[in-house]
>>> print(open('final.txt').read())   # compact mmCIF, C-alpha atoms
# COMPACT_ATOMS: atom_id res chain seq x y z
CA MET A 1 106.74 5.71 -44.33
CA THR A 2 110.47 5.12 -44.24
CA SER A 3 111.86 4.05 -40.93
CA PRO A 4 113.92 6.75 -39.24
CA GLN A 5 117.67 6.43 -38.87
CA PRO A 6 118.54 6.10 -35.20
CA ARG A 7 121.01 8.67 -33.90
CA ILE A 8 124.10 7.04 -32.47
CA GLY A 9 126.95 9.00 -30.92
CA VAL A 10 130.52 7.67 -31.12
CA LEU A 11 132.63 9.16 -28.34
CA ARG A 12 136.07 10.39 -29.34
CA PHE A 13 138.76 10.37 -26.71
CA PRO A 14 142.36 11.42 -27.30
CA GLY A 15 144.10 8.13 -28.10
CA ALA A 16 141.04 6.40 -29.53
CA CYS A 17 141.82 4.61 -32.79
CA ASP A 18 138.71 2.64 -33.74
CA ASP A 19 136.32 5.58 -33.71
CA ARG A 20 136.26 5.93 -37.50
CA ASP A 21 135.68 2.23 -38.08
CA ALA A 22 132.83 2.29 -35.58
CA LEU A 23 131.29 5.34 -37.26
CA TRP A 24 131.69 3.77 -40.71
CA ALA A 25 130.19 0.44 -39.65
CA LEU A 26 127.21 2.03 -37.90
CA SER A 27 126.56 4.27 -40.91
CA ALA A 28 126.77 1.28 -43.24
CA LEU A 29 124.16 -0.41 -41.04
CA ASP A 30 121.80 2.52 -41.53
CA ALA A 31 122.40 4.57 -38.41
CA ASP A 32 122.80 8.34 -38.32
CA ALA A 33 126.16 8.09 -36.57
CA ASN A 34 128.11 11.13 -35.42
CA PHE A 35 131.18 11.78 -33.32
CA VAL A 36 130.91 13.29 -29.84
CA TRP A 37 134.09 14.99 -28.63
CA HIS A 38 135.26 14.02 -25.14
CA THR A 39 135.07 17.58 -23.79
CA GLU A 40 131.33 17.90 -24.47
CA THR A 41 129.46 18.24 -21.20
CA GLU A 42 126.13 17.33 -22.76
CA LEU A 43 125.23 14.75 -25.35
CA PRO A 44 123.15 15.78 -28.36
CA GLU A 45 119.79 14.02 -28.83
CA LEU A 46 120.86 10.38 -29.17
CA ASP A 47 119.26 6.93 -29.25
CA ALA A 48 122.50 5.14 -28.39
CA VAL A 49 126.14 5.78 -27.51
CA VAL A 50 129.17 3.78 -28.60
CA LEU A 51 132.51 3.97 -26.79
CA PRO A 52 135.07 2.81 -29.38
CA GLY A 53 138.34 0.99 -28.95
CA GLY A 54 141.77 2.50 -28.68
CA PHE A 55 144.14 3.72 -26.01
CA SER A 56 142.37 6.67 -24.45
CA TYR A 57 144.75 8.95 -22.57
CA GLY A 58 147.60 6.57 -23.34
CA ASP A 59 146.17 3.90 -21.02
CA TYR A 60 147.88 5.82 -18.20
CA LEU A 61 147.46 4.42 -14.67
CA ARG A 62 145.04 1.66 -15.78
CA CYS A 63 143.20 1.25 -19.07
CA GLY A 64 140.12 3.46 -19.03
CA ALA A 65 140.93 4.97 -15.64
CA ILE A 66 141.41 8.51 -16.94
CA ALA A 67 138.76 8.50 -19.68
CA ARG A 68 136.19 7.89 -17.01
CA PHE A 69 136.67 11.51 -15.89
CA ALA A 70 136.13 13.02 -19.33
CA PRO A 71 133.22 15.50 -19.27
CA ALA A 72 131.41 13.49 -21.95
CA MET A 73 131.61 10.39 -19.73
CA GLU A 74 129.60 12.11 -17.02
CA ALA A 75 126.95 12.73 -19.64
CA VAL A 76 127.15 9.05 -20.65
CA VAL A 77 126.65 7.98 -17.04
CA ASP A 78 123.46 10.09 -16.92
CA PHE A 79 122.40 8.76 -20.31
CA ALA A 80 122.81 5.16 -19.11
CA ALA A 81 121.01 5.91 -15.84
CA ALA A 82 118.05 7.14 -17.89
CA GLY A 83 117.98 3.79 -19.71
CA GLY A 84 119.93 4.87 -22.81
CA LEU A 85 121.73 2.19 -24.82
CA VAL A 86 125.50 2.19 -24.37
CA LEU A 87 127.95 -0.15 -26.14
CA GLY A 88 131.60 -0.22 -25.12
CA ILE A 89 134.09 -1.95 -27.39
CA CYS A 90 137.54 -2.96 -26.11
CA ASN A 91 138.88 0.25 -24.53
CA GLY A 92 135.22 1.31 -24.30
CA PHE A 93 134.55 -1.81 -22.20
CA GLN A 94 137.53 -0.94 -19.98
CA ILE A 95 136.20 2.59 -19.53
CA LEU A 96 132.70 1.33 -18.62
CA CYS A 97 134.20 -0.98 -15.98
CA GLU A 98 136.33 1.83 -14.51
CA ALA A 99 133.28 4.10 -14.50
CA GLY A 100 131.32 1.51 -12.53
CA LEU A 101 128.72 1.08 -15.28
CA LEU A 102 129.78 -2.53 -15.79
CA PRO A 103 131.02 -5.11 -13.29
CA GLY A 104 134.56 -6.46 -13.13
CA VAL A 105 137.88 -5.25 -14.43
CA LEU A 106 140.09 -5.94 -17.46
CA ARG A 107 143.61 -7.04 -16.55
CA ARG A 108 146.75 -7.75 -18.56
CA ASN A 109 146.39 -10.81 -20.75
CA GLU A 110 147.58 -13.93 -18.99
CA SER A 111 150.27 -14.42 -21.66
CA LEU A 112 151.38 -10.75 -21.33
CA SER A 113 151.19 -10.66 -25.13
CA PHE A 114 149.12 -8.31 -27.20
CA ILE A 115 146.70 -10.62 -29.04
CA CYS A 116 145.40 -9.71 -32.47
CA ARG A 117 143.37 -12.39 -34.26
CA ASP A 118 139.90 -13.64 -35.07
CA VAL A 119 138.32 -15.53 -32.18
CA PRO A 120 135.19 -17.66 -31.94
CA LEU A 121 132.55 -16.27 -29.57
CA VAL A 122 129.48 -18.02 -28.19
CA VAL A 123 126.30 -15.95 -27.84
CA GLU A 124 124.88 -16.69 -24.41
CA ARG A 125 121.87 -14.39 -24.62
CA THR A 126 119.77 -13.06 -27.47
CA ASP A 127 117.36 -11.05 -25.34
CA THR A 128 119.60 -8.01 -24.95
CA PRO A 129 119.32 -4.94 -27.22
CA PHE A 130 122.76 -5.84 -28.57
CA THR A 131 122.17 -9.46 -29.58
CA THR A 132 118.60 -9.66 -30.90
CA ARG A 133 119.86 -10.57 -34.37
CA CYS A 134 121.94 -13.46 -33.07
CA GLU A 135 120.78 -16.97 -32.25
CA GLY A 136 121.29 -18.55 -28.85
CA GLY A 137 124.49 -20.60 -28.81
CA GLN A 138 125.54 -19.17 -32.16
CA VAL A 139 129.30 -18.99 -32.67
CA LEU A 140 130.45 -15.64 -34.08
CA THR A 141 133.87 -14.96 -35.57
CA ILE A 142 135.05 -11.51 -34.53
CA PRO A 143 138.60 -10.18 -34.10
CA ILE A 144 140.18 -9.14 -30.84
CA LYS A 145 143.23 -6.86 -30.54
CA HIS A 146 144.17 -6.10 -27.00
CA GLY A 147 146.82 -6.41 -24.34
CA GLU A 148 144.43 -6.00 -21.42
CA GLY A 149 141.33 -8.09 -22.05
CA ASN A 150 141.62 -10.53 -19.21
CA TRP A 151 138.27 -9.91 -17.49
CA TYR A 152 138.07 -10.66 -13.79
CA ALA A 153 135.44 -10.71 -11.07
CA ASP A 154 135.83 -12.37 -7.68
CA ASP A 155 133.83 -15.50 -6.77
CA ASP A 156 130.91 -13.67 -5.14
CA LEU A 157 130.54 -11.13 -7.92
CA TYR A 158 130.88 -13.78 -10.61
CA ALA A 159 128.17 -15.94 -8.99
CA GLU A 160 125.83 -12.92 -8.88
CA LEU A 161 126.48 -12.15 -12.54
CA GLU A 162 125.80 -15.75 -13.54
CA ALA A 163 122.58 -15.79 -11.50
CA ARG A 164 121.43 -12.59 -13.21
CA ARG A 165 122.54 -13.86 -16.65
CA GLN A 166 124.80 -10.87 -17.23
CA ILE A 167 127.38 -12.82 -19.26
CA VAL A 168 126.36 -12.23 -22.88
CA LEU A 169 129.41 -13.39 -24.86
CA ARG A 170 132.06 -15.99 -24.11
CA TYR A 171 135.17 -17.04 -25.99
CA ALA A 172 134.63 -20.54 -27.35
CA GLU A 173 138.18 -21.37 -26.23
CA PRO A 174 140.60 -19.84 -23.70
CA VAL A 175 142.02 -16.67 -25.24
CA ASN A 176 143.47 -14.23 -22.71
CA GLY A 177 142.94 -15.73 -19.26
CA SER A 178 139.52 -14.13 -18.85
CA ARG A 179 137.50 -15.65 -16.04
CA ASN A 180 135.24 -18.42 -17.38
CA ASP A 181 136.15 -17.16 -20.88
CA VAL A 182 133.95 -14.09 -20.48
CA ALA A 183 134.16 -11.78 -23.52
CA GLY A 184 131.13 -9.52 -23.02
CA VAL A 185 129.06 -8.43 -20.03
CA VAL A 186 125.81 -6.51 -19.72
CA ASN A 187 124.68 -4.43 -16.75
CA GLU A 188 121.82 -5.57 -14.54
CA ARG A 189 119.30 -3.35 -16.29
CA GLY A 190 120.40 -4.65 -19.67
CA ASN A 191 121.07 -1.34 -21.45
CA VAL A 192 124.88 -1.23 -21.19
CA LEU A 193 127.09 -3.85 -22.87
CA GLY A 194 130.85 -4.08 -22.94
CA LEU A 195 132.85 -6.51 -25.04
CA MET A 196 136.52 -6.94 -25.89
CA PRO A 197 136.08 -8.21 -29.48
CA HIS A 198 135.64 -5.62 -32.23
CA PRO A 199 132.36 -6.04 -34.12
CA GLU A 200 133.13 -2.89 -36.15
CA HIS A 201 136.08 -4.72 -37.74
CA ALA A 202 133.84 -7.60 -38.90
CA VAL A 203 130.97 -6.10 -40.84
CA ASP A 204 131.80 -7.32 -44.35
CA SER A 205 133.01 -10.65 -45.69
CA LEU A 206 135.88 -8.74 -47.31
CA LEU A 207 137.16 -8.19 -43.77
CA GLY A 208 137.13 -11.93 -43.09
CA SER A 209 133.80 -12.01 -41.28
CA ALA A 210 130.52 -10.14 -41.22
CA ASP A 211 129.47 -11.54 -37.84
CA GLY A 212 130.15 -8.24 -36.07
CA ALA A 213 127.31 -6.74 -38.08
CA LEU A 214 124.90 -8.97 -36.14
CA ILE A 215 125.83 -7.19 -32.94
CA LEU A 216 125.95 -3.68 -34.39
CA SER A 217 122.74 -4.11 -36.38
CA SER A 218 121.02 -5.40 -33.22
CA LEU A 219 122.08 -2.14 -31.58
CA VAL A 220 120.91 -0.07 -34.56
CA GLU A 221 117.52 -1.84 -34.53
CA SER A 222 117.10 -1.37 -30.78
CA ALA A 223 118.06 2.29 -31.12
CA ARG A 224 115.56 2.66 -33.97
CA GLU A 225 112.80 1.33 -31.71
CA HIS A 226 113.78 4.03 -29.27
CA THR A 227 113.52 6.68 -32.02
CA LEU A 228 110.09 5.41 -33.01
CA ALA A 229 108.88 5.28 -29.41
CA ALA A 230 109.99 8.87 -28.90
CA ALA A 231 108.33 10.10 -32.11
CA MET B 1 153.57 16.99 3.26
CA LYS B 2 154.72 14.08 1.13
CA ALA B 3 152.80 10.86 0.77
CA THR B 4 153.85 7.66 -0.92
CA VAL B 5 151.19 5.23 -2.09
CA LEU B 6 152.11 1.61 -2.76
CA VAL B 7 149.57 -0.16 -4.96
CA ARG B 8 149.87 -3.92 -5.14
CA PRO B 9 147.96 -6.74 -6.82
CA LYS B 10 145.80 -8.31 -4.10
CA GLN B 11 146.74 -11.67 -2.59
CA GLY B 12 145.56 -14.48 -4.81
CA ILE B 13 145.08 -12.25 -7.84
CA LEU B 14 147.00 -13.52 -10.84
CA ASP B 15 149.94 -11.25 -11.62
CA PRO B 16 151.31 -12.24 -15.04
CA GLN B 17 153.88 -9.42 -15.00
CA GLY B 18 155.24 -10.71 -11.71
CA GLN B 19 155.37 -14.24 -13.08
CA ALA B 20 157.29 -13.09 -16.16
CA VAL B 21 159.77 -11.20 -13.99
CA GLU B 22 160.15 -14.17 -11.65
CA SER B 23 160.97 -16.50 -14.52
CA SER B 24 163.44 -13.97 -15.96
CA LEU B 25 165.16 -13.67 -12.58
CA ARG B 26 165.43 -17.46 -12.45
CA GLN B 27 166.97 -17.48 -15.90
CA LEU B 28 169.57 -15.06 -14.59
CA GLY B 29 170.35 -17.58 -11.88
CA PHE B 30 168.63 -15.91 -8.92
CA ALA B 31 166.80 -18.23 -6.53
CA VAL B 32 163.52 -16.36 -6.24
CA ASP B 33 160.19 -17.74 -5.23
CA GLY B 34 157.44 -15.35 -6.24
CA ALA B 35 157.60 -11.83 -7.65
CA ARG B 36 154.68 -9.43 -7.59
CA ILE B 37 154.60 -6.13 -9.40
CA GLY B 38 152.81 -3.04 -8.16
CA ARG B 39 153.08 0.68 -8.58
CA VAL B 40 154.41 3.61 -6.53
CA VAL B 41 152.74 7.02 -6.52
CA ASP B 42 154.61 9.89 -4.85
CA LEU B 43 152.40 12.79 -3.91
CA GLU B 44 152.77 16.19 -2.35
CA VAL B 45 149.58 17.02 -0.48
CA GLU B 46 148.86 20.56 0.59
CA THR B 47 147.76 19.90 4.14
CA SER B 48 150.34 19.59 6.94
CA ASP B 49 148.00 17.63 9.21
CA PRO B 50 148.94 13.93 9.00
CA ALA B 51 145.42 12.68 9.80
CA ALA B 52 143.85 14.94 7.21
CA ALA B 53 146.53 14.00 4.67
CA ARG B 54 145.96 10.30 5.24
CA ALA B 55 142.20 10.65 4.87
CA GLU B 56 142.66 12.64 1.68
CA VAL B 57 145.08 10.13 0.15
CA GLU B 58 142.78 7.26 1.10
CA ARG B 59 140.01 8.91 -0.89
CA MET B 60 142.41 9.29 -3.82
CA CYS B 61 143.18 5.58 -3.65
CA GLU B 62 139.54 4.56 -3.53
CA GLN B 63 138.52 6.86 -6.36
CA LEU B 64 141.45 6.61 -8.75
CA LEU B 65 144.87 5.34 -7.72
CA ALA B 66 143.86 1.73 -7.06
CA ASN B 67 141.15 -0.52 -8.42
CA PRO B 68 139.78 -2.12 -5.25
CA LEU B 69 138.62 -5.20 -7.16
CA ILE B 70 142.17 -6.35 -7.79
CA GLU B 71 144.55 -4.02 -5.97
CA SER B 72 145.37 -3.19 -2.37
CA TYR B 73 147.20 -0.05 -1.28
CA GLU B 74 149.35 1.24 1.55
CA ILE B 75 149.94 4.88 2.38
CA GLU B 76 153.17 6.18 3.86
CA LEU B 77 153.35 9.78 5.02
CA THR B 78 156.91 10.98 4.69
CA GLY B 79 156.66 14.70 5.38
CA PRO B 80 158.59 16.28 8.24
CA GLN B 81 155.52 16.30 10.50
CA ALA B 82 154.69 12.62 9.93
>>> encode(input="final.txt", output="structure tokens")
Amino acid sequence: MTSPQPRIGVLRFPGACDDRDALWALSALDADANFVWHTETELPELDAVVLPGGFSYGDYLRCGAIARFAPAMEAVVDFAAAGGLVLGICNGFQILCEAGLLPGVLRRNESLSFICRDVPLVVERTDTPFTTRCEGGQVLTIPIKHGEGNWYADDDLYAELEARRQIVLRYAEPVNGSRNDVAGVVNERGNVLGLMPHPEHAVDSLLGSADGALILSSLVESAREHTLAAA
Amino acid sequence: MKATVLVRPKQGILDPQGQAVESSLRQLGFAVDGARIGRVVDLEVETSDPAAARAEVERMCEQLLANPLIESYEIELTGPQA
């Protein structure tokens, strides 16, 4: 029996720009990936959802603040509440924070500069559906490209997140002013991850690194388990 | 009536935009000590009852206009009845 391709929806917001790369990378990693338009009020049958990077709604007001009200986002909130896997990349991470699905907020980079380069990332946890293919403490090379990736939580919130092990990825060196070099955060339940780096831009050594494929293939595998469980 | 919302970075929250503006002002020769950058939202709300308008605008701030993790807000009602 061949293993089924998990169905992964890639949300498309006006102003998204990494949606095609995300779709391509997920397809290359053996997912049945399809776009979901932002005006959809219901999601099709899916095993996972990816919110791609970009500048949804022109980043008006605050990054992600408007996308949160897209009809498809209400469906994503329900999907996540039912335990569905949700991955937010860059602008997707910002949207998940604004929607209250992930803790904290992404602020302007400390330097005020848009930063576009490969960065080293330390994997803090391998027991999430998004990091099963990584090794604990492994250093991944994945590019970032953002102006607002400076993650912040106040002291109380940060202490809670540490205690619950919700920090999944950290920059191996200071990059954008992010508190304690946080690069990726998971929700308490463990089914929603947001990260500023772009794994979809690092899935082939031709692109400079294939380390992003470890994260995306972890997601594809976890989604496949969901498909199998539902069958 | 009209409402003006002032959204500011909270005390103690790093404001890199403000820092950049402060250093630019210093380069221009102004003796400034601290610049913080926020945002102004001018609104026309349909109600003419100041209490109702304030309550409505407060809900707007909590739900959209400000991010309470890092921003504080002030509401000024500027309509004729205010």
>>> closest_atom_pairs(input="final.txt", of="chain B", to="chain A", cutoff="12 Å", atoms="all atoms listed in the file", output="JSON lines")
{"residue": "B:Val7", "atom": "CA", "partner": "A:Leu61", "partner_atom": "CA", "distance": 10.9}
{"residue": "B:Pro9", "atom": "CA", "partner": "A:Arg107", "partner_atom": "CA", "distance": 10.7}
{"residue": "B:Lys10", "atom": "CA", "partner": "A:Asp154", "partner_atom": "CA", "distance": 11.3}
{"residue": "B:Gly12", "atom": "CA", "partner": "A:Asp154", "partner_atom": "CA", "distance": 10.4}
{"residue": "B:Ile13", "atom": "CA", "partner": "A:Asp154", "partner_atom": "CA", "distance": 9.3}
{"residue": "B:Leu14", "atom": "CA", "partner": "A:Glu110", "partner_atom": "CA", "distance": 8.2}
{"residue": "B:Asp15", "atom": "CA", "partner": "A:Glu110", "partner_atom": "CA", "distance": 8.2}
{"residue": "B:Pro16", "atom": "CA", "partner": "A:Glu110", "partner_atom": "CA", "distance": 5.7}
{"residue": "B:Gln17", "atom": "CA", "partner": "A:Leu112", "partner_atom": "CA", "distance": 6.9}
{"residue": "B:Gly18", "atom": "CA", "partner": "A:Leu112", "partner_atom": "CA", "distance": 10.4}
{"residue": "B:Gln19", "atom": "CA", "partner": "A:Glu110", "partner_atom": "CA", "distance": 9.8}
{"residue": "B:Ala20", "atom": "CA", "partner": "A:Leu112", "partner_atom": "CA", "distance": 8.2}
{"residue": "B:Val21", "atom": "CA", "partner": "A:Leu112", "partner_atom": "CA", "distance": 11.2}
{"residue": "B:Gly38", "atom": "CA", "partner": "A:Leu61", "partner_atom": "CA", "distance": 11.3}
{"residue": "B:Arg39", "atom": "CA", "partner": "A:Leu61", "partner_atom": "CA", "distance": 9.1}
{"residue": "B:Val40", "atom": "CA", "partner": "A:Leu61", "partner_atom": "CA", "distance": 10.7}
{"residue": "B:Val41", "atom": "CA", "partner": "A:Leu61", "partner_atom": "CA", "distance": 10.1}
{"residue": "B:Cys61", "atom": "CA", "partner": "A:Leu61", "partner_atom": "CA", "distance": 11.9}
{"residue": "B:Glu62", "atom": "CA", "partner": "A:Glu98", "partner_atom": "CA", "distance": 11.8}
{"residue": "B:Gln63", "atom": "CA", "partner": "A:Ala65", "partner_atom": "CA", "distance": 9.8}
{"residue": "B:Leu64", "atom": "CA", "partner": "A:Ala65", "partner_atom": "CA", "distance": 7.1}
{"residue": "B:Leu65", "atom": "CA", "partner": "A:Leu61", "partner_atom": "CA", "distance": 7.5}
{"residue": "B:Ala66", "atom": "CA", "partner": "A:Arg62", "partner_atom": "CA", "distance": 8.8}
{"residue": "B:Asn67", "atom": "CA", "partner": "A:Glu98", "partner_atom": "CA", "distance": 8.1}
{"residue": "B:Pro68", "atom": "CA", "partner": "A:Val105", "partner_atom": "CA", "distance": 9.9}
{"residue": "B:Leu69", "atom": "CA", "partner": "A:Val105", "partner_atom": "CA", "distance": 7.3}
{"residue": "B:Ile70", "atom": "CA", "partner": "A:Val105", "partner_atom": "CA", "distance": 8.0}
{"residue": "B:Glu71", "atom": "CA", "partner": "A:Val105", "partner_atom": "CA", "distance": 10.8}
>>> closest_residue(input="final.txt", among="B:Leu6, B:Ile37, B:Met1, B:Ile75", to="Ala55 of chain B", atoms="all atoms listed in the file")
B:Ile75
>>> atom_distance(input="final.txt", atom1="atom CA of Tyr57 of chain A", atom2="atom CA of Ala3 of chain B")
24.8 Å
>>> closest_residue(input="final.txt", among="A:Ala159, A:Leu85, A:Ala67, A:Ala72", to="Glu225 of chain A", atoms="only C-alpha atoms")
A:Leu85
>>> atom_distance(input="final.txt", atom1="atom CA of Val182 of chain A", atom2="atom CA of Ile215 of chain A")
16.4 Å
>>> atom_distance(input="final.txt", atom1="atom CA of Val168 of chain A", atom2="atom CA of Thr131 of chain A")
8.4 Å
>>> residues_around(input="final.txt", residues="Ala16 of chain A", least_positions_apart="6", cutoff="8 Å", atoms="all atoms listed in the file", output="list of chain:residue names")
A:Pro52, A:Gly53, A:Gly54, A:Phe55, A:Ser56
>>> residues_near_point(input="final.txt", point="(122.6, -2.4, -43.2)", cutoff="12 Å", atoms="all atoms listed in the file", output="PyMOL selection string")
chain A and resi 5+24-32+203-204+210+212-221
>>> closest_residue(input="final.txt", among="A:Gly208, A:Pro174, A:Gly9, A:Pro199", to="Ala48 of chain A", atoms="all atoms listed in the file")
A:Gly9
>>> decode(input="final.txt", residues="segment 12-63 of chain B", atoms="C-alpha atoms", output="PDB file, in the first residue's frame")
ATOM      1  CA  GLY B  12       9.703  50.515  28.809  1.00  0.00           C
ATOM      2  CA  ILE B  13       8.974  48.952  25.429  1.00  0.00           C
ATOM      3  CA  LEU B  14      11.842  49.413  23.013  1.00  0.00           C
ATOM      4  CA  ASP B  15      10.921  51.891  20.282  1.00  0.00           C
ATOM      5  CA  PRO B  16      13.603  51.694  17.582  1.00  0.00           C
ATOM      6  CA  GLN B  17      11.755  54.188  15.361  1.00  0.00           C
ATOM      7  CA  GLY B  18      11.775  56.706  18.192  1.00  0.00           C
ATOM      8  CA  GLN B  19      15.471  56.095  18.788  1.00  0.00           C
ATOM      9  CA  ALA B  20      16.273  56.645  15.118  1.00  0.00           C
ATOM     10  CA  VAL B  21      14.291  59.888  15.094  1.00  0.00           C
ATOM     11  CA  GLU B  22      15.940  61.039  18.315  1.00  0.00           C
ATOM     12  CA  SER B  23      19.404  60.502  16.895  1.00  0.00           C
ATOM     13  CA  SER B  24      18.433  62.284  13.663  1.00  0.00           C
ATOM     14  CA  LEU B  25      17.124  65.247  15.654  1.00  0.00           C
ATOM     15  CA  ARG B  26      20.413  65.365  17.549  1.00  0.00           C
ATOM     16  CA  GLN B  27      22.303  65.360  14.273  1.00  0.00           C
ATOM     17  CA  LEU B  28      20.268  68.377  13.263  1.00  0.00           C
ATOM     18  CA  GLY B  29      21.460  70.077  16.431  1.00  0.00           C
ATOM     19  CA  PHE B  30      18.308  69.792  18.545  1.00  0.00           C
ATOM     20  CA  ALA B  31      18.840  68.994  22.225  1.00  0.00           C
ATOM     21  CA  VAL B  32      16.294  66.215  22.622  1.00  0.00           C
ATOM     22  CA  ASP B  33      16.250  63.521  25.226  1.00  0.00           C
ATOM     23  CA  GLY B  34      13.954  60.716  24.140  1.00  0.00           C
ATOM     24  CA  ALA B  35      11.553  60.458  21.215  1.00  0.00           C
ATOM     25  CA  ARG B  36       8.738  57.942  21.042  1.00  0.00           C
ATOM     26  CA  ILE B  37       6.642  57.297  17.981  1.00  0.00           C
ATOM     27  CA  GLY B  38       2.995  56.322  18.047  1.00  0.00           C
ATOM     28  CA  ARG B  39       0.011  56.586  15.776  1.00  0.00           C
ATOM     29  CA  VAL B  40      -3.103  58.771  15.527  1.00  0.00           C
ATOM     30  CA  VAL B  41      -6.465  57.425  14.396  1.00  0.00           C
ATOM     31  CA  ASP B  42      -9.228  59.950  13.703  1.00  0.00           C
ATOM     32  CA  LEU B  43     -12.685  58.465  13.753  1.00  0.00           C
ATOM     33  CA  GLU B  44     -16.226  59.606  13.197  1.00  0.00           C
ATOM     34  CA  VAL B  45     -18.530  57.507  15.341  1.00  0.00           C
ATOM     35  CA  GLU B  46     -22.241  57.455  14.692  1.00  0.00           C
ATOM     36  CA  THR B  47     -23.476  57.872  18.229  1.00  0.00           C
ATOM     37  CA  SER B  48     -23.801  61.352  19.774  1.00  0.00           C
ATOM     38  CA  ASP B  49     -23.657  60.045  23.343  1.00  0.00           C
ATOM     39  CA  PRO B  50     -20.127  60.639  24.703  1.00  0.00           C
ATOM     40  CA  ALA B  51     -20.245  57.690  27.125  1.00  0.00           C
ATOM     41  CA  ALA B  52     -21.456  55.313  24.451  1.00  0.00           C
ATOM     42  CA  ALA B  53     -18.886  56.675  21.990  1.00  0.00           C
ATOM     43  CA  ARG B  54     -16.066  56.205  24.466  1.00  0.00           C
ATOM     44  CA  ALA B  55     -17.115  52.650  25.250  1.00  0.00           C
ATOM     45  CA  GLU B  56     -17.344  51.866  21.552  1.00  0.00           C
ATOM     46  CA  VAL B  57     -13.918  53.314  20.759  1.00  0.00           C
ATOM     47  CA  GLU B  58     -12.398  51.466  23.709  1.00  0.00           C
ATOM     48  CA  ARG B  59     -13.630  48.211  22.220  1.00  0.00           C
ATOM     49  CA  MET B  60     -12.108  49.222  18.872  1.00  0.00           C
ATOM     50  CA  CYS B  61      -8.773  49.812  20.598  1.00  0.00           C
ATOM     51  CA  GLU B  62      -8.824  46.487  22.407  1.00  0.00           C
ATOM     52  CA  GLN B  63      -9.832  44.522  19.339  1.00  0.00           C
TER      53      GLN B  63
END
